[in-house]
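Let me begin by presenting the structure, written as structure tokens, before commenting on it.
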Amino acid sequence: MRAAYASDPAQSRGREFPLEAALARGPRSQFQRDRDRIVHSIAFRRLRHKTQVFVAPDGDHYRVRLTHSLEVAQIGRVIARALGLDEDLTEALCLAHDIGHPPFGHAGEDALNAALERHGGFDHNAQSLRILMRIESPYCEHDGLNLSWEVLEGLAKHNGPVGMVNWALAELDAAYPLDLTTWPSLEAQVAAIADDIAYDNHDIDDGLRAGFLELDELLTLDSVADQWRAIERKFPAAPQDRRLRELVRSQIGWMVNDVIAETNARAQGMDCADDVRAAGQATCVFSTGLAAHERRLKRFMYDRLYHHPQQLQTAERARAVTAELFAAYAQDPALMEGGWVSRLPSDEPHRSRHIADYIAGMTDRFAIASHAAIYGRTPEGLRNV
Ligand SMILES: Nc1nc2c(ncn2[C@H]2C[C@H](O)[C@@H](COP(=O)(O)OP(=O)(O)OP(=O)(O)O)O2)c(=O)[nH]1
């Protein structure tokens with residue numbers, strides 16, 4: 001049953017470019033249409049070759065941004081349904097939340113941010129909106145996918161109210177105001193916490209698979225050790241790899257149930273979606289106990305996996321490759337493919353931002369191939385799994 005504080009597609013604030021009446025009356029709700037526009041986008045398909053944790057992994061079982069986004073959507077839908085929220089809006093937000101990531105994940109983002117230092121910097125969340133509102137343009141009548149206000153609002157405020165507004169977001173917000181200073185809908189808050197639940201857990205799985213993490217190290221975290229002991233008691237004879245899958249599954253279940261209970265309690269008395277926006281604080285959160293565990297887990301993952309010496313080395317290489325691509329296109333824009341050369345603005349900051357848009361849209365493998373074509377050798381030291 002739809003909760004009073006759920007977003008209602010029939011009450012959507014609309015789109016930047018109004019839909020033809022015939023389209024608006026079709027069989028799908030507005031948020032269903034948004035979800036479908038995202039699934040059919042090129043930017044979404046490119047996520048299959050974008051870094052989650054490991055750059056261009058050779059192993060088929062590692063997460064990439066696409067499989068991560070699908071896992072986020074699965075978790076988001078479970079939470080949304082339990083809370084009576086709009087599942088289509090939640091799913092649209094989960095599927096689109098990483099669309100602005102450049103190649104090589106955070107390393108690529110750091111390099112583009114440095115390249116645009118004098119031109120306002122680069123931020124993957126703002127870039128998601130730039131892609132969806134301006135860059136990917138499958139329609140004849142306007143630029144962008146022309147998504148509902150609620151989807152754009154949720155993406156812009158993936159991390160809550162926006163304090164420091166990046167230039168890209170400022171530009172889009174000026175054209176189509178997104179109320180950046182309030183909290184977003186509960187659907188957006190669910191998508192954000194589903195993102196954390198998904199990567200907190202699948203990165204354990206991938207870290208163990210890659211040999212960057214060891215089970216003994218993980219068991220130094222009390223809550224993980226408790227769950228592991230329960231699994232050992234329940235399945236004393238099961239092979240280790242299955243028990244590890246049970247561990248990840250058990251932790252996801254624990255987190256999901258905790259979020260549902262805590263959010264349910266906090267949302268009591270809210271009568272509409274705008275009550276969530278006006279709450280002045282997050283409504284969809286972990287309980288205090290689980291939040292403390294999750295912080296410890298994240299710290300552990302940064303120390304042992306994301307900032308593992310081998311990962312830092314790869315990141316250094318990825319930053320260099322991205323910076324070298326930027327330098328090459330800045331010096332000779334004709335190296336860019338397709339219509340990117342003919343659309344190149346002549347003035348700054350627009351010229352540099354255009355080049356950053358071109359690079360940010362690349363998959364890991366396209367960036368590696370482009371670098372190889374320009375510099376005459378395949379960049380080394382990027383892959384480690
Ligand atoms: N290899 C590597 N992976 C990282 C690093 N920092 C984060 N990650 C991975 C861990 C997660 O799978 C994922 C989390 O980053 P996201 O950009 O998806 O979320 P984050 O919370 O940083 O930002 P967001 O919520 O999107 O504003 O990226 C890093 O320094 N190196």
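Scheme for the structure tokens: letters A, B, ... for chains in order shown; per-chain residue numbers from 1; ligand numbers from 1 in order shown.
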Next item on the list: Tell me, as a PyMOL selection string, which residues lie within 7 Å of segment 264-271 of chain A, counting only C-alpha atoms; anything in the same chain fewer than 3 positions away does not count.
Entry: chain A and resi 4-5+83+260-261+275-276+283
Could you write out that same residue set with N, CA and C atoms as a compact mmCIF listing (two decimals), in the first residue's frame?
# COMPACT_ATOMS: atom_id res chain seq x y z
N ALA A 4 1.57 7.59 2.90
CA ALA A 4 1.21 9.00 2.71
C ALA A 4 2.42 9.83 2.28
N TYR A 5 3.61 9.41 2.75
CA TYR A 5 4.82 10.20 2.47
C TYR A 5 5.53 9.74 1.19
N LEU A 83 8.32 -0.02 2.72
CA LEU A 83 7.92 1.27 3.30
C LEU A 83 6.71 1.89 2.58
N ILE A 260 14.67 -0.46 7.29
CA ILE A 260 13.21 -0.41 7.18
C ILE A 260 12.59 -0.05 8.54
N ALA A 261 13.08 -0.70 9.60
CA ALA A 261 12.50 -0.44 10.92
C ALA A 261 12.77 1.00 11.37
N ASP A 275 6.70 16.67 3.47
CA ASP A 275 7.08 16.60 4.90
C ASP A 275 8.47 16.00 5.04
N VAL A 276 8.78 15.03 4.18
CA VAL A 276 10.12 14.42 4.20
C VAL A 276 11.16 15.48 3.83
N THR A 283 15.61 11.05 6.91
CA THR A 283 14.56 10.18 7.46
C THR A 283 14.93 8.72 7.28
Notebook entry, point to check: segment 345-349 of chain A: which residues within 6 Å, counting only C-alpha atoms, same-chain residues fewer than 2 positions away excluded, as a VMD selection string?
Noted result: chain A and resid 119 351 to 352
Note to self: Applying 12 Å and only C-alpha atoms, which residues near Arg229 of chain A remain after dropping the ones on its own chain fewer than 5 positions away? List them as a list of chain:residue names.
What the structure shows: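 The filter keeps A:Leu219, A:Asp222, A:Ser223, A:Val224, A:Lys234, A:Phe235, A:Pro236, A:Arg243, A:Leu244, A:Glu246, A:Leu247, A:Ser250.
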Next item on the list: Extract, using only C-alpha atoms, all DNA, RNA and protein residues at most 12 Å from His61 of chain A, discarding same-chain residues fewer than 4 positions from it, and format them as an NGL selection string.
Entry: :A and (54 or 56-57 or 67-68 or 202-203 or 205-207 or 209-210 or 385)
Would you put the residues from that selection into a file with C-alpha atoms, as a PDB file, in the first residue's frame?
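Saved as out_6.pdb:
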ATOM      1  CA  PHE A  54      38.927  -2.679  -9.824  1.00  0.00           C
ATOM      2  CA  ALA A  56      38.796  -3.052 -16.231  1.00  0.00           C
ATOM      3  CA  PRO A  57      38.816  -6.388 -14.375  1.00  0.00           C
ATOM      4  CA  THR A  67      26.175  -4.728 -11.897  1.00  0.00           C
ATOM      5  CA  HIS A  68      26.568  -2.500  -8.839  1.00  0.00           C
ATOM      6  CA  HIS A 202      29.722  -6.660  -2.574  1.00  0.00           C
ATOM      7  CA  ASP A 203      33.128  -5.073  -2.057  1.00  0.00           C
ATOM      8  CA  ASP A 205      32.906 -10.361  -1.748  1.00  0.00           C
ATOM      9  CA  ASP A 206      35.119  -8.882  -4.496  1.00  0.00           C
ATOM     10  CA  GLY A 207      37.934  -8.037  -2.068  1.00  0.00           C
ATOM     11  CA  ARG A 209      37.817 -12.986  -4.391  1.00  0.00           C
ATOM     12  CA  ALA A 210      40.763 -10.830  -5.452  1.00  0.00           C
ATOM     13  CA  VAL A 385      42.522  -8.528 -11.056  1.00  0.00           C
TER      14      VAL A 385
END
Using only C-alpha atoms and all ligand atoms, find each residue of chain A with at least one atom at most 10 Å away from an atom of ligand 1; report its shortest atom-to-atom pair and that distance in Å (one decimal), sort the rows by chain and rising residue number, and return the result as a tab-separated table.
residue	atom	partner	partner_atom_place_in_ligand_line	distance
A:Thr51	CA	ligand 1	1 (N)	8.0
A:Gln52	CA	ligand 1	12 (O)	5.2
A:Val53	CA	ligand 1	1 (N)	4.0
A:Phe54	CA	ligand 1	1 (N)	5.7
A:Val55	CA	ligand 1	1 (N)	7.6
A:Arg63	CA	ligand 1	12 (O)	8.5
A:Val64	CA	ligand 1	12 (O)	8.8
A:Arg65	CA	ligand 1	18 (O)	8.2
A:His68	CA	ligand 1	12 (O)	8.0
A:Ser69	CA	ligand 1	18 (O)	9.3
A:His97	CA	ligand 1	26 (O)	7.0
A:Asp98	CA	ligand 1	26 (O)	6.4
A:Ile99	CA	ligand 1	26 (O)	9.7
A:Gly100	CA	ligand 1	26 (O)	9.1
A:His101	CA	ligand 1	17 (O)	7.4
A:Phe104	CA	ligand 1	1 (N)	8.3
A:Gly105	CA	ligand 1	28 (O)	6.8
A:His106	CA	ligand 1	5 (C)	5.7
A:Ala107	CA	ligand 1	30 (O)	6.9
A:Glu109	CA	ligand 1	17 (O)	9.3
A:Asp110	CA	ligand 1	30 (O)	9.7
A:Asp123	CA	ligand 1	27 (O)	8.7
A:His124	CA	ligand 1	26 (O)	7.1
A:Asn125	CA	ligand 1	27 (O)	6.1
A:Ala126	CA	ligand 1	27 (O)	9.5
A:Ser128	CA	ligand 1	26 (O)	9.9
A:Leu155	CA	ligand 1	26 (O)	9.5
A:Ala156	CA	ligand 1	27 (O)	9.7
A:Lys157	CA	ligand 1	27 (O)	9.1
A:His158	CA	ligand 1	27 (O)	6.4
A:Asn159	CA	ligand 1	27 (O)	5.9
A:Gly160	CA	ligand 1	27 (O)	9.6
A:Ala191	CA	ligand 1	25 (O)	9.9
A:Ala192	CA	ligand 1	25 (O)	6.7
A:Ile193	CA	ligand 1	25 (O)	8.8
A:Asp195	CA	ligand 1	18 (O)	7.1
A:Asp196	CA	ligand 1	21 (O)	7.0
A:Ala198	CA	ligand 1	12 (O)	8.3
A:Tyr199	CA	ligand 1	12 (O)	4.7
A:Asp200	CA	ligand 1	12 (O)	7.1
A:Asn201	CA	ligand 1	12 (O)	9.0
A:His202	CA	ligand 1	12 (O)	7.8
A:Asp203	CA	ligand 1	12 (O)	6.0
A:Ile204	CA	ligand 1	12 (O)	9.6
A:Asp206	CA	ligand 1	12 (O)	9.7
A:Lys298	CA	ligand 1	10 (C)	8.9
A:Met301	CA	ligand 1	10 (C)	8.2
A:Tyr302	CA	ligand 1	6 (N)	7.2
A:Asp303	CA	ligand 1	30 (O)	9.8
A:Leu305	CA	ligand 1	1 (N)	7.4
A:Tyr306	CA	ligand 1	31 (N)	4.2
A:His307	CA	ligand 1	30 (O)	6.0
A:His308	CA	ligand 1	1 (N)	8.5
A:Gln310	CA	ligand 1	1 (N)	9.6
A:Gln311	CA	ligand 1	1 (N)	5.9
A:Leu312	CA	ligand 1	31 (N)	7.3
A:Thr314	CA	ligand 1	1 (N)	8.2
A:Ala315	CA	ligand 1	31 (N)	6.9
Quick one: write out the picked residues with C-alpha atoms as an mmCIF file, in the first residue's frame?
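Written output follows (again-v4.cif):
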data_model
loop_
_atom_site.group_PDB
_atom_site.id
_atom_site.type_symbol
_atom_site.label_atom_id
_atom_site.label_comp_id
_atom_site.auth_asym_id
_atom_site.auth_seq_id
_atom_site.Cartn_x
_atom_site.Cartn_y
_atom_site.Cartn_z
ATOM 1 C CA THR A 51 35.355 0.794 -12.650
ATOM 2 C CA GLN A 52 33.614 0.030 -9.377
ATOM 3 C CA VAL A 53 36.699 -0.883 -7.324
ATOM 4 C CA PHE A 54 38.927 -2.679 -9.824
ATOM 5 C CA VAL A 55 39.930 -1.114 -13.136
ATOM 6 C CA ARG A 63 31.366 -5.901 -9.935
ATOM 7 C CA VAL A 64 31.436 -3.015 -12.360
ATOM 8 C CA ARG A 65 29.241 0.090 -12.167
ATOM 9 C CA HIS A 68 26.568 -2.500 -8.839
ATOM 10 C CA SER A 69 23.653 -0.334 -10.039
ATOM 11 C CA HIS A 97 22.921 7.222 -9.535
ATOM 12 C CA ASP A 98 26.367 6.348 -10.982
ATOM 13 C CA ILE A 99 25.818 7.432 -14.586
ATOM 14 C CA GLY A 100 28.171 10.417 -14.130
ATOM 15 C CA HIS A 101 31.182 8.338 -13.122
ATOM 16 C CA PHE A 104 38.626 4.503 -13.610
ATOM 17 C CA GLY A 105 36.184 5.499 -10.840
ATOM 18 C CA HIS A 106 37.454 7.861 -8.174
ATOM 19 C CA ALA A 107 40.931 8.047 -9.737
ATOM 20 C CA GLU A 109 37.293 11.758 -11.115
ATOM 21 C CA ASP A 110 40.333 13.141 -9.229
ATOM 22 C CA ASP A 123 31.997 16.040 -9.585
ATOM 23 C CA HIS A 124 30.438 12.696 -10.601
ATOM 24 C CA ASN A 125 27.031 13.449 -9.055
ATOM 25 C CA ALA A 126 26.713 16.767 -10.905
ATOM 26 C CA SER A 128 25.076 12.477 -13.757
ATOM 27 C CA LEU A 155 20.116 12.539 -8.200
ATOM 28 C CA ALA A 156 21.214 16.080 -7.397
ATOM 29 C CA LYS A 157 20.670 15.417 -3.674
ATOM 30 C CA HIS A 158 22.062 11.856 -3.579
ATOM 31 C CA ASN A 159 24.087 12.908 -0.513
ATOM 32 C CA GLY A 160 21.373 15.112 1.027
ATOM 33 C CA ALA A 191 18.457 4.872 -3.210
ATOM 34 C CA ALA A 192 21.366 6.494 -1.351
ATOM 35 C CA ILE A 193 21.357 4.020 1.527
ATOM 36 C CA ASP A 195 24.006 2.282 -2.622
ATOM 37 C CA ASP A 196 25.923 1.994 0.667
ATOM 38 C CA ALA A 198 25.242 -2.746 -1.879
ATOM 39 C CA TYR A 199 28.878 -1.682 -2.044
ATOM 40 C CA ASP A 200 29.672 -2.264 1.640
ATOM 41 C CA ASN A 201 28.814 -5.888 1.014
ATOM 42 C CA HIS A 202 29.722 -6.660 -2.574
ATOM 43 C CA ASP A 203 33.128 -5.073 -2.057
ATOM 44 C CA ILE A 204 33.764 -7.619 0.726
ATOM 45 C CA ASP A 206 35.119 -8.882 -4.496
ATOM 46 C CA LYS A 298 33.818 1.494 5.757
ATOM 47 C CA MET A 301 37.417 -1.242 3.633
ATOM 48 C CA TYR A 302 39.271 2.004 2.924
ATOM 49 C CA ASP A 303 42.328 0.843 4.857
ATOM 50 C CA LEU A 305 40.930 -2.632 0.101
ATOM 51 C CA TYR A 306 40.346 0.770 -1.518
ATOM 52 C CA HIS A 307 43.706 2.094 -0.292
ATOM 53 C CA HIS A 308 45.633 -1.177 -0.502
ATOM 54 C CA GLN A 310 48.467 -2.165 -5.066
ATOM 55 C CA GLN A 311 45.188 -0.272 -5.520
ATOM 56 C CA LEU A 312 46.944 3.034 -4.830
ATOM 57 C CA THR A 314 46.720 1.416 -10.011
ATOM 58 C CA ALA A 315 44.902 4.629 -9.082
#
Note to self: Let me make sure I understand: among A:Val341, A:Met1, A:Ala279, A:Leu297, which one has the smallest atom-to-atom distance to Trp183 of chain A if we use only C-alpha atoms?
What the structure shows: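 Ranking A:Val341, A:Met1, A:Ala279, A:Leu297 by distance to Trp183 of chain A, first place goes to A:Ala279.
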